[in-house]
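Reproduced below: work-v2.txt, with compact mmCIF, C-alpha atoms and all ligand atoms.
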# COMPACT_ATOMS: atom_id res chain seq x y z
CA MET A 1 1.72 -19.26 -17.47
CA THR A 2 -1.13 -19.46 -14.93
CA ILE A 3 0.06 -17.90 -11.69
CA LYS A 4 -1.14 -19.77 -8.59
CA ALA A 5 -1.72 -17.10 -5.95
CA ALA A 6 -2.73 -17.02 -2.30
CA ILE A 7 -3.62 -14.20 0.07
CA VAL A 8 -2.62 -13.56 3.68
CA GLY A 9 -5.00 -11.30 5.56
CA TYR A 10 -8.63 -10.91 4.57
CA GLY A 11 -9.17 -7.23 5.26
CA ASN A 12 -9.94 -4.39 2.85
CA LEU A 13 -6.89 -5.13 0.72
CA GLY A 14 -7.15 -8.93 0.86
CA GLN A 15 -10.74 -8.87 -0.33
CA ALA A 16 -9.81 -6.55 -3.20
CA VAL A 17 -6.87 -8.76 -4.22
CA GLU A 18 -9.16 -11.80 -4.20
CA HIS A 19 -11.55 -10.08 -6.61
CA LEU A 20 -8.76 -9.17 -9.01
CA ILE A 21 -7.12 -12.60 -8.94
CA ASN A 22 -10.49 -14.06 -9.90
CA ALA A 23 -10.93 -11.42 -12.62
CA PHE A 24 -7.56 -11.92 -14.38
CA ASP A 25 -7.32 -15.03 -16.59
CA ASP A 26 -3.60 -15.48 -15.92
CA PHE A 27 -4.13 -15.95 -12.18
CA GLU A 28 -5.67 -18.79 -10.19
CA LEU A 29 -6.60 -18.40 -6.52
CA PHE A 30 -5.23 -21.16 -4.26
CA GLY A 31 -6.92 -19.75 -1.16
CA ILE A 32 -6.80 -17.37 1.77
CA PHE A 33 -4.64 -17.65 4.89
CA SER A 34 -6.25 -15.95 7.87
CA ARG A 35 -6.18 -15.71 11.64
CA ARG A 36 -9.90 -16.32 11.51
CA ASP A 37 -11.43 -19.66 10.55
CA THR A 38 -14.59 -18.21 9.01
CA LEU A 39 -14.56 -15.52 6.30
CA ASP A 40 -17.21 -14.21 3.93
CA THR A 41 -15.75 -15.85 0.82
CA ASP A 42 -16.22 -18.90 -1.40
CA ALA A 43 -12.44 -19.37 -1.54
CA ALA A 44 -10.61 -22.06 0.40
CA ILE A 45 -9.59 -20.81 3.86
CA TYR A 46 -6.48 -21.98 5.72
CA PRO A 47 -5.04 -21.07 9.13
CA VAL A 48 -2.28 -18.50 8.56
CA ALA A 49 -0.05 -20.59 10.85
CA ASP A 50 -0.17 -23.47 8.34
CA ALA A 51 0.89 -21.45 5.25
CA ALA A 52 4.32 -23.08 4.81
CA ARG A 53 2.69 -26.50 4.31
CA TYR A 54 1.42 -25.31 0.92
CA LYS A 55 4.63 -23.66 -0.33
CA ASP A 56 4.95 -25.98 -3.35
CA GLU A 57 1.39 -25.22 -4.52
CA ILE A 58 1.70 -21.42 -4.62
CA ASP A 59 3.67 -19.21 -7.06
CA VAL A 60 3.06 -15.88 -5.30
CA LEU A 61 1.77 -14.95 -1.86
CA PHE A 62 0.07 -11.57 -1.42
CA LEU A 63 0.75 -10.20 2.06
CA CYS A 64 -2.41 -8.15 2.64
CA VAL A 65 -1.68 -7.43 6.27
CA GLY A 66 -1.05 -4.15 8.09
CA SER A 67 2.18 -2.23 7.77
CA ALA A 68 2.26 -0.81 11.28
CA THR A 69 2.96 -4.14 12.99
CA ASP A 70 2.09 -7.17 10.83
CA ILE A 71 4.60 -6.71 8.00
CA PRO A 72 7.60 -6.08 10.29
CA GLU A 73 6.60 -9.06 12.43
CA GLN A 74 5.52 -11.54 9.75
CA ALA A 75 6.74 -10.78 6.22
CA ALA A 76 10.23 -12.29 6.46
CA GLY A 77 8.72 -15.53 7.76
CA PHE A 78 6.64 -15.82 4.60
CA ALA A 79 9.57 -14.91 2.33
CA GLU A 80 11.37 -18.01 3.64
CA HIS A 81 8.81 -20.20 1.86
CA PHE A 82 7.19 -18.06 -0.83
CA THR A 83 7.69 -15.44 -3.48
CA THR A 84 5.84 -12.52 -1.88
CA VAL A 85 4.35 -9.12 -2.64
CA ASP A 86 3.55 -6.56 0.02
CA THR A 87 2.35 -2.95 0.30
CA TYR A 88 4.56 -1.94 3.18
CA ASP A 89 4.19 1.82 3.54
CA ASN A 90 6.13 3.04 6.56
CA HIS A 91 8.44 5.14 4.38
CA SER A 92 11.00 5.71 7.12
CA LYS A 93 11.60 1.96 7.47
CA VAL A 94 11.43 0.78 3.84
CA ALA A 95 15.23 0.35 3.65
CA THR A 96 15.17 -1.86 6.75
CA HIS A 97 12.30 -3.92 5.36
CA TYR A 98 14.11 -4.24 2.01
CA ALA A 99 17.31 -5.52 3.64
CA GLU A 100 15.46 -8.03 5.81
CA MET A 101 13.37 -9.40 2.93
CA ASP A 102 16.36 -9.45 0.56
CA GLU A 103 18.41 -11.63 2.93
CA VAL A 104 15.63 -14.17 3.46
CA ALA A 105 14.40 -14.24 -0.14
CA ARG A 106 17.92 -14.72 -1.57
CA ALA A 107 18.68 -17.51 0.91
CA ASN A 108 15.55 -19.37 -0.23
CA ASP A 109 15.56 -18.58 -3.99
CA ASN A 110 12.41 -16.50 -3.65
CA VAL A 111 11.50 -13.02 -4.89
CA SER A 112 9.95 -10.42 -2.60
CA VAL A 113 8.53 -7.32 -4.23
CA ILE A 114 8.02 -4.84 -1.43
CA SER A 115 6.14 -1.57 -0.93
CA THR A 116 3.85 -1.89 -3.94
CA GLY A 117 0.61 0.08 -4.19
CA TRP A 118 0.50 3.80 -4.89
CA ASP A 119 2.51 5.48 -2.17
CA PRO A 120 4.91 3.91 -1.88
CA GLY A 121 4.46 2.38 -5.30
CA LEU A 122 3.25 4.24 -8.37
CA PHE A 123 3.99 7.59 -6.73
CA SER A 124 7.55 6.40 -6.04
CA MET A 125 8.01 5.57 -9.75
CA ASN A 126 6.67 8.97 -10.76
CA ARG A 127 8.78 10.83 -8.20
CA VAL A 128 11.91 9.19 -9.60
CA LEU A 129 10.83 9.82 -13.20
CA GLY A 130 10.02 13.48 -12.50
CA LEU A 131 13.32 14.15 -10.77
CA SER A 132 15.31 12.36 -13.49
CA LEU A 133 14.18 14.79 -16.20
CA PHE A 134 15.47 18.13 -15.00
CA PRO A 135 18.77 19.56 -13.67
CA ASP A 136 16.88 21.70 -11.16
CA PRO A 137 13.41 20.25 -10.46
CA VAL A 138 10.91 21.22 -7.78
CA GLN A 139 8.76 18.28 -6.67
CA ASN A 140 5.83 17.95 -4.28
CA THR A 141 3.59 15.04 -3.28
CA PHE A 142 0.04 15.55 -2.01
CA TRP A 143 -2.48 13.01 -0.71
CA GLY A 144 -6.26 13.32 -0.37
CA LYS A 145 -8.69 14.27 0.66
CA GLY A 146 -9.20 10.63 1.52
CA LEU A 147 -8.83 7.63 3.80
CA SER A 148 -5.28 6.38 4.38
CA GLN A 149 -5.37 2.63 4.96
CA GLY A 150 -1.87 2.64 6.48
CA HIS A 151 -2.72 5.36 8.99
CA SER A 152 -6.09 3.74 9.70
CA ASP A 153 -4.31 0.41 10.35
CA ALA A 154 -1.86 2.22 12.62
CA VAL A 155 -4.60 3.72 14.81
CA ARG A 156 -6.36 0.36 15.01
CA GLN A 157 -3.20 -1.12 16.55
CA VAL A 158 -3.46 1.25 19.54
CA SER A 159 -4.75 -0.63 22.60
CA GLY A 160 -8.36 0.20 23.37
CA VAL A 161 -9.27 1.29 19.83
CA GLN A 162 -12.37 -0.63 18.82
CA ARG A 163 -12.74 0.97 15.35
CA GLY A 164 -10.66 3.65 13.64
CA VAL A 165 -10.07 5.50 10.40
CA GLN A 166 -7.78 8.35 9.31
CA TYR A 167 -8.46 10.94 6.65
CA THR A 168 -5.72 12.98 5.03
CA ILE A 169 -6.54 16.51 3.90
CA PRO A 170 -4.14 18.52 1.73
CA ALA A 171 -4.06 22.32 1.72
CA GLN A 172 -5.44 23.37 -1.68
CA SER A 173 -3.29 26.52 -1.51
CA ALA A 174 -0.19 24.32 -1.35
CA ILE A 175 -1.31 22.27 -4.35
CA ASP A 176 -1.97 25.47 -6.32
CA GLN A 177 1.44 26.82 -5.31
CA ALA A 178 3.14 23.62 -6.51
CA ARG A 179 1.29 23.67 -9.83
CA ALA A 180 2.36 27.28 -10.34
CA GLY A 181 5.99 26.22 -10.04
CA ASN A 182 6.34 27.70 -6.54
CA GLY A 183 6.48 24.44 -4.60
CA GLN A 184 10.03 24.97 -3.35
CA GLY A 185 10.10 24.73 0.42
CA LEU A 186 6.57 23.34 0.81
CA SER A 187 6.70 20.54 3.38
CA LYS A 188 4.47 17.45 3.37
CA THR A 189 3.77 17.92 7.06
CA ALA A 190 2.71 21.57 6.73
CA SER A 191 0.69 20.84 3.58
CA HIS A 192 -1.55 18.17 5.12
CA GLU A 193 -3.67 17.67 8.19
CA ARG A 194 -4.76 14.32 9.54
CA ILE A 195 -8.23 13.72 11.00
CA VAL A 196 -8.86 10.54 12.98
CA TYR A 197 -12.19 9.03 14.03
CA ILE A 198 -12.13 6.43 16.79
CA VAL A 199 -14.61 4.27 18.68
CA ALA A 200 -13.27 3.62 22.20
CA ASP A 201 -14.42 3.60 25.85
CA GLU A 202 -14.43 7.09 27.38
CA SER A 203 -12.00 6.01 30.08
CA GLU A 204 -9.37 5.22 27.41
CA GLN A 205 -9.79 8.28 25.20
CA ASP A 206 -7.15 10.64 26.62
CA ARG A 207 -4.48 7.95 26.46
CA ILE A 208 -5.49 6.88 22.96
CA ARG A 209 -5.44 10.46 21.67
CA ASP A 210 -1.97 10.99 23.13
CA GLU A 211 -0.64 7.73 21.67
CA ILE A 212 -1.94 8.64 18.23
CA VAL A 213 -0.79 12.29 17.99
CA THR A 214 2.70 11.34 19.22
CA MET A 215 3.04 8.21 17.04
CA PRO A 216 6.39 8.41 15.21
CA ASP A 217 6.42 8.25 11.39
CA TYR A 218 2.60 8.22 11.12
CA PHE A 219 1.27 11.20 13.10
CA GLU A 220 3.91 12.96 15.21
CA PRO A 221 5.14 15.32 12.43
CA TYR A 222 1.61 16.29 11.37
CA ASP A 223 -1.25 18.46 12.62
CA THR A 224 -3.52 15.65 13.81
CA THR A 225 -7.04 15.89 15.26
CA VAL A 226 -8.64 12.88 16.99
CA HIS A 227 -12.45 12.64 17.30
CA PHE A 228 -14.18 9.99 19.40
CA VAL A 229 -17.55 8.88 18.07
CA SER A 230 -20.18 6.25 18.89
CA ASP A 231 -20.21 2.93 17.06
CA GLU A 232 -23.49 3.97 15.42
CA GLU A 233 -21.99 7.22 14.11
CA PHE A 234 -18.88 5.35 12.91
CA GLU A 235 -21.05 2.81 11.10
CA ARG A 236 -23.14 5.62 9.57
CA ASN A 237 -20.44 8.08 8.57
CA HIS A 238 -17.22 6.16 8.05
CA GLN A 239 -17.75 3.54 5.39
CA GLY A 240 -15.96 3.54 2.05
CA ALA A 241 -12.33 4.44 1.42
CA PRO A 242 -11.93 7.05 -1.31
CA HIS A 243 -8.51 8.63 -1.76
CA GLY A 244 -6.09 10.02 -4.31
CA GLY A 245 -3.26 12.43 -4.72
CA TYR A 246 -0.70 14.12 -6.92
CA VAL A 247 3.01 14.01 -7.68
CA ILE A 248 3.86 17.42 -9.18
CA THR A 249 7.28 18.19 -10.66
CA THR A 250 8.06 21.58 -12.19
CA SER A 251 11.16 23.07 -13.72
CA GLU A 252 12.41 24.98 -16.74
CA LEU A 253 14.47 23.90 -19.72
CA GLN A 254 16.42 26.72 -21.37
CA GLY A 255 13.88 29.21 -20.03
CA HIS A 256 10.86 27.17 -21.07
CA ASN A 257 8.69 26.00 -18.18
CA ALA A 258 7.72 22.36 -17.79
CA SER A 259 5.24 20.76 -15.42
CA VAL A 260 4.87 16.99 -14.94
CA GLU A 261 1.92 15.72 -12.89
CA PHE A 262 0.78 12.23 -11.98
CA SER A 263 -2.60 12.17 -10.31
CA LEU A 264 -4.93 9.53 -8.84
CA LYS A 265 -8.65 9.91 -8.13
CA LEU A 266 -9.79 6.75 -6.36
CA GLU A 267 -13.32 5.86 -5.30
CA SER A 268 -11.74 2.91 -3.50
CA ASN A 269 -8.23 3.07 -2.10
CA PRO A 270 -8.07 -0.70 -1.38
CA ASN A 271 -9.40 -1.66 -4.80
CA PHE A 272 -6.75 0.44 -6.55
CA THR A 273 -3.97 -0.61 -4.21
CA ALA A 274 -4.91 -4.21 -4.96
CA ALA A 275 -4.68 -3.48 -8.70
CA ALA A 276 -1.10 -2.27 -8.30
CA MET A 277 -0.26 -5.15 -5.96
CA VAL A 278 -1.57 -7.81 -8.36
CA ALA A 279 0.33 -6.31 -11.32
CA PHE A 280 3.53 -6.49 -9.28
CA GLY A 281 2.54 -10.01 -8.24
CA ARG A 282 2.53 -10.94 -11.93
CA ALA A 283 6.03 -9.47 -12.24
CA ALA A 284 7.21 -11.23 -9.06
CA ALA A 285 6.16 -14.64 -10.35
CA ARG A 286 7.91 -13.96 -13.68
CA LEU A 287 11.08 -12.71 -12.00
CA GLN A 288 11.24 -15.84 -9.86
CA GLN A 289 10.52 -18.09 -12.85
CA GLN A 290 13.42 -16.39 -14.70
CA GLY A 291 15.73 -17.55 -11.90
CA ASN A 292 15.95 -14.29 -9.95
CA SER A 293 15.79 -14.01 -6.15
CA GLY A 294 15.89 -11.33 -3.47
CA ALA A 295 13.94 -8.17 -2.69
CA TYR A 296 12.74 -5.68 -5.29
CA THR A 297 11.13 -2.30 -4.90
CA VAL A 298 8.84 -1.01 -7.65
CA LEU A 299 11.83 0.95 -8.96
CA GLU A 300 13.67 -2.25 -9.86
CA VAL A 301 10.86 -4.08 -11.63
CA PRO A 302 10.95 -3.72 -15.44
CA PRO A 303 7.50 -2.25 -16.32
CA TYR A 304 6.86 -4.72 -19.14
CA LEU A 305 6.71 -7.54 -16.55
CA LEU A 306 3.60 -5.92 -15.02
CA SER A 307 1.47 -6.38 -18.11
CA GLN A 308 -0.55 -9.32 -19.40
CA GLN A 309 0.81 -8.33 -22.83
CA SER A 310 4.04 -10.03 -23.87
CA HIS A 311 7.10 -7.92 -24.69
CA GLN A 312 6.71 -8.99 -28.32
CA GLU A 313 3.10 -7.79 -28.38
CA MET A 314 4.21 -4.43 -26.99
CA MET A 315 6.81 -4.14 -29.76
CA GLU A 316 4.29 -5.08 -32.42
CA THR A 317 1.79 -2.50 -31.17
CA GLY A 318 4.51 0.14 -31.29
CA LEU A 319 4.64 0.77 -27.54
N1 LIG A 401 1.52 1.25 -0.52
C1 LIG A 401 0.29 1.73 -0.62
O1 LIG A 401 0.00 2.56 -1.49
C2 LIG A 401 -0.80 1.25 0.29
C3 LIG A 401 -0.52 0.40 1.33
N2 LIG A 401 -1.55 -0.09 2.10
C4 LIG A 401 -1.21 -0.99 3.20
O2 LIG A 401 -2.12 -2.07 3.24
C5 LIG A 401 -2.28 -2.44 4.61
C6 LIG A 401 -3.55 -3.24 4.79
O3 LIG A 401 -4.63 -2.35 4.67
P1 LIG A 401 -6.11 -2.89 4.95
O4 LIG A 401 -6.38 -4.09 4.15
O5 LIG A 401 -7.00 -1.71 4.81
O6 LIG A 401 -6.03 -3.32 6.48
P2 LIG A 401 -7.12 -4.22 7.27
O7 LIG A 401 -6.96 -3.90 8.70
O8 LIG A 401 -8.43 -4.09 6.60
O9 LIG A 401 -6.61 -5.71 7.00
C7 LIG A 401 -5.43 -6.15 7.49
C8 LIG A 401 -5.55 -7.68 7.62
O10 LIG A 401 -4.39 -8.17 8.13
C9 LIG A 401 -4.71 -9.36 8.87
N3 LIG A 401 -4.10 -9.33 10.17
C10 LIG A 401 -4.20 -8.38 11.09
N4 LIG A 401 -3.51 -8.75 12.17
C11 LIG A 401 -2.97 -9.96 11.89
C12 LIG A 401 -2.15 -10.86 12.60
N5 LIG A 401 -1.73 -10.55 13.84
N6 LIG A 401 -1.78 -12.04 12.04
C13 LIG A 401 -2.22 -12.33 10.79
N7 LIG A 401 -2.99 -11.50 10.06
C14 LIG A 401 -3.35 -10.34 10.62
C15 LIG A 401 -6.19 -9.42 9.10
O11 LIG A 401 -6.66 -10.46 8.35
P3 LIG A 401 -7.18 -11.80 9.09
O12 LIG A 401 -7.95 -11.38 10.29
O13 LIG A 401 -8.01 -12.42 8.02
O14 LIG A 401 -5.97 -12.59 9.43
C16 LIG A 401 -6.68 -8.10 8.58
O15 LIG A 401 -7.89 -8.28 7.96
C17 LIG A 401 -2.25 -1.12 5.36
O16 LIG A 401 -1.74 -1.32 6.68
C18 LIG A 401 -1.31 -0.26 4.53
O17 LIG A 401 -0.06 -0.20 5.15
C19 LIG A 401 -2.87 0.26 1.88
C20 LIG A 401 -3.17 1.14 0.87
C21 LIG A 401 -2.15 1.72 0.01
N1 LIG A 402 0.01 4.14 1.89
C1 LIG A 402 -1.17 5.00 1.83
C2 LIG A 402 -1.30 5.52 0.42
C3 LIG A 402 -1.04 7.02 0.44
C4 LIG A 402 -2.08 7.75 1.26
C5 LIG A 402 -1.26 8.51 2.21
C6 LIG A 402 -1.81 9.45 3.21
O1 LIG A 402 -3.03 9.67 3.18
O2 LIG A 402 -0.98 9.94 4.03
N2 LIG A 402 0.00 8.22 2.05
O3 LIG A 402 0.22 7.32 1.07
C7 LIG A 402 -2.42 4.26 2.32
O4 LIG A 402 -2.20 3.33 3.14
O5 LIG A 402 -3.53 4.62 1.97
If you took the structure in this file and wrote it as structure tokens, what would it be?
Amino acid sequence: MTIKAAIVGYGNLGQAVEHLINAFDDFELFGIFSRRDTLDTDAAIYPVADAARYKDEIDVLFLCVGSATDIPEQAAGFAEHFTTVDTYDNHSKVATHYAEMDEVARANDNVSVISTGWDPGLFSMNRVLGLSLFPDPVQNTFWGKGLSQGHSDAVRQVSGVQRGVQYTIPAQSAIDQARAGNGQGLSKTASHERIVYIVADESEQDRIRDEIVTMPDYFEPYDTTVHFVSDEEFERNHQGAPHGGYVITTSELQGHNASVEFSLKLESNPNFTAAAMVAFGRAAARLQQQGNSGAYTVLEVPPYLLSQQSHQEMMETGL
């Protein structure tokens, strides 16, 4: 089955998804839906407003738009016409997003796999796996040091921000404590600091800083520092998007210690996020083809559907 795919939003993630769709032989790129009419790509470009016209030519639509505002405002509209995949990552509102997408996708016999990527996404799968193993587990999640695309998108939505990025820095002492089995009581907010770099007019900077540090879900609970820099310094010092992190679960079984760790070391956050998104796009197309509909989180997608290998091949290779 060749999966006909299209992309909404040609930013960091959209460009990375395009590359992967072209690299996998079971995908075919229909084109890119964008607000802009010129993009640096050889792919077909369509106005995002016209997407529904092409519903019958697309098996899965990758929603590579921002989570801060775009997904809440736009995703359900796409799920009316398409099987969709998104990387929605406002953890506090995932249940709301799930319910909204589930209602629309079911009503239109589409599948919507939401909150793919690595956190939420692969980290979610590993958090559930780690906690399922032990009667009395201790579990901690750490991110960074690296560039959070979700937090960077969120700062870019603040009026007056011309350019913006956010770096997440974990406390190494907290990571060491978790690995030693002493992670109980460590909080995500106390274990990380957030550093933001913004290009904005001087007259706007005090308001922008205040809007960022008080932003619910993204920054308010954290120790956040906002730096304002020139466009030249931003261009010079803030390219690339490395990231990574750890999900660490520790416990003991009849007095014998056990430590389970899932770690990511990413030279490119968008490239890796796209890899997870495209794998779940493969699963979304298969789920829909099997007659399923509605919303799915990564926790509800059978892992074998992610792979290019068939189930039979997995059996024959002995798992
Ligand atoms: N779950 C996870 O692990 C991860 C999730 N993410 C999520 O991915 C999201 C995207 O990240 P990233 O690609 O870096 O963000 P970018 O800002 O680079 O790209 C977002 C794209 O969305 C499109 N867009 C923006 N506003 C609108 C609009 N009003 N209407 C239509 N399209 C719009 C734009 O494309 P165009 O101008 O072409 O329309 C833009 O290029 C992040 O917000 C984050 O939440 C990222 C990494 C990991
Ligand atoms: N969703 C995140 C992926 C990870 C990174 C992160 C953080 O640095 O706070 N939280 O989750 C992203 O957009 O990069």
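Nearest residue to ligand LIG 401 (chain A) among A:His227, A:Arg53, A:His151, A:Arg207 is A:His151, counting only C-alpha atoms and all ligand atoms.
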Item checked: Pick from A:Val113, A:Gln139, A:Tyr246, A:Ser187 nearest to Val301 of chain A, counting all atoms listed in the file ->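 Under the stated criterion, the closest residue is A:Val113.
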Restrict the calculation to only C-alpha atoms, then for each residue of segment 200-280 of chain A with any atom at most 7 Å from an atom of segment 140-144 of chain A give the closest atom pair and their distance in Å to one decimal, rows by chain and rising residue number, as CSV.
residue,atom,partner,partner_atom,distance
A:His243,CA,A:Gly144,CA,5.4
A:Gly244,CA,A:Gly144,CA,5.1
A:Gly245,CA,A:Trp143,CA,4.1
A:Tyr246,CA,A:Phe142,CA,5.2
A:Val247,CA,A:Thr141,CA,4.6
A:Ile248,CA,A:Asn140,CA,5.3
A:Thr249,CA,A:Asn140,CA,6.5
Mind running chain A against ligand LIG 402 (chain A) at 9 Å and telling me each contacting residue's nearest atom pair with the distance in Å (one decimal), counting only C-alpha atoms and all ligand atoms, chain and number ascending, as a Markdown table?
| residue | atom | partner | partner_atom | distance |
| --- | --- | --- | --- | --- |
| A:Ser67 | CA | A:LIG402 | O4 | 8.5 |
| A:Thr87 | CA | A:LIG402 | N1 | 7.6 |
| A:Tyr88 | CA | A:LIG402 | N1 | 7.7 |
| A:Asp89 | CA | A:LIG402 | N1 | 5.1 |
| A:Asn90 | CA | A:LIG402 | N1 | 7.8 |
| A:His91 | CA | A:LIG402 | N1 | 8.8 |
| A:Ser115 | CA | A:LIG402 | N1 | 8.8 |
| A:Gly117 | CA | A:LIG402 | N1 | 7.3 |
| A:Trp118 | CA | A:LIG402 | C2 | 5.9 |
| A:Asp119 | CA | A:LIG402 | O3 | 4.4 |
| A:Pro120 | CA | A:LIG402 | N1 | 6.2 |
| A:Gly121 | CA | A:LIG402 | N1 | 8.6 |
| A:Phe123 | CA | A:LIG402 | O3 | 8.7 |
| A:Phe142 | CA | A:LIG402 | C6 | 8.2 |
| A:Trp143 | CA | A:LIG402 | O1 | 5.2 |
| A:Gly144 | CA | A:LIG402 | O1 | 6.0 |
| A:Lys145 | CA | A:LIG402 | O1 | 7.7 |
| A:Gly146 | CA | A:LIG402 | O1 | 6.5 |
| A:Leu147 | CA | A:LIG402 | O1 | 6.2 |
| A:Ser148 | CA | A:LIG402 | O5 | 3.5 |
| A:Gln149 | CA | A:LIG402 | O4 | 3.7 |
| A:Gly150 | CA | A:LIG402 | O4 | 3.4 |
| A:His151 | CA | A:LIG402 | O4 | 6.2 |
| A:Ser152 | CA | A:LIG402 | O4 | 7.6 |
| A:Asp153 | CA | A:LIG402 | O4 | 8.1 |
| A:Gln166 | CA | A:LIG402 | O1 | 7.9 |
| A:Tyr167 | CA | A:LIG402 | O1 | 6.6 |
| A:Thr168 | CA | A:LIG402 | O1 | 4.6 |
| A:Ile169 | CA | A:LIG402 | O1 | 7.7 |
| A:His192 | CA | A:LIG402 | O2 | 8.3 |
| A:Arg194 | CA | A:LIG402 | O2 | 8.0 |
| A:Tyr218 | CA | A:LIG402 | O2 | 8.1 |
| A:Ala241 | CA | A:LIG402 | O5 | 8.8 |
| A:His243 | CA | A:LIG402 | C4 | 7.2 |
| A:Gly244 | CA | A:LIG402 | C4 | 7.2 |
| A:Gly245 | CA | A:LIG402 | C4 | 7.7 |
| A:Asn269 | CA | A:LIG402 | O5 | 6.4 |
| A:Pro270 | CA | A:LIG402 | O5 | 7.8 |
| A:Thr273 | CA | A:LIG402 | O5 | 8.1 |
Check: What is the distance, in Å and to one decimal place, between atom CA of Glu300 of chain A and atom CA of Met125 of chain A?
Finding: 9.7 Å
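Every protein, DNA or RNA residue with an atom at most 12 Å from Ser173 of chain A, where only C-alpha atoms count and chain neighbours fewer than 6 positions away do not, is listed here: Phe142, Arg179, Ala180, Asn182, Gly183, Leu186, Ala190, Ser191 and His192 of chain A.
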Note to self: Neighbouring residues of segment 35-47 of chain A were defined as those with any atom within 10 Å, considering only C-alpha atoms; residues of the same chain fewer than 3 positions away were excluded. Please report them as a list in words.
What the structure shows: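 My list of contacting residues is Ala6, Ile7, Val8, Gly9, Tyr10, Gly11, Gln15, Glu18, Leu29, Phe30, Gly31, Ile32, Asp50, Ala51 and Tyr54 of chain A.
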Next item on the list: Pick out the closest residue to Glu252 of chain A from this set: A:Phe62, A:Tyr222, A:Phe272, A:Phe134. Count all atoms listed in the file.
Entry: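 Of A:Phe62, A:Tyr222, A:Phe272, A:Phe134, the one nearest Glu252 of chain A, counting all atoms listed in the file, is A:Phe134.
Our summary of the geometry notes that atom CA of His19 of chain A is positioned 19.0 Å from atom CA of Ala284 of chain A.
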Segment 230-234 of chain A, all listed atoms, 3 Å padding on each side: what axis-aligned box centre and edge lengths in Å to one decimal come out, as AutoDock Vina command-line options?
--center_x -21.2 --center_y 5.1 --center_z 15.9 --size_x 10.6 --size_y 10.3 --size_z 12.0
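One distance worth recording is that between atom C4 of ligand LIG 401 (chain A) and atom CA of Val278 of chain A, which is 13.4 Å.
When only C-alpha atoms are used to measure the gap to His238 of chain A, the shortest distance among A:Phe262, A:Tyr197, A:Phe33, A:Tyr98 belongs to A:Tyr197.
Across A:Ser159, A:Ser230, A:Gln172, A:Asn292, the tightest approach to Ile212 of chain A is made by A:Ser159 when counting all atoms listed in the file.
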Next item on the list: Would you mind telling me which residue in A:Ala178, A:Ala79, A:Leu129, A:Val165 lies nearest to ligand LIG 401 (chain A) when using all atoms listed in the file?
Entry: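 Ranked by minimum distance to ligand LIG 401 (chain A), first place goes to A:Val165.
Surrounding residues of (-3.0, 11.4, 16.4) at most 6 Å away are Arg209, Ile212, Val213, Phe219, Thr224 and Val226 of chain A (based on all atoms listed in the file).
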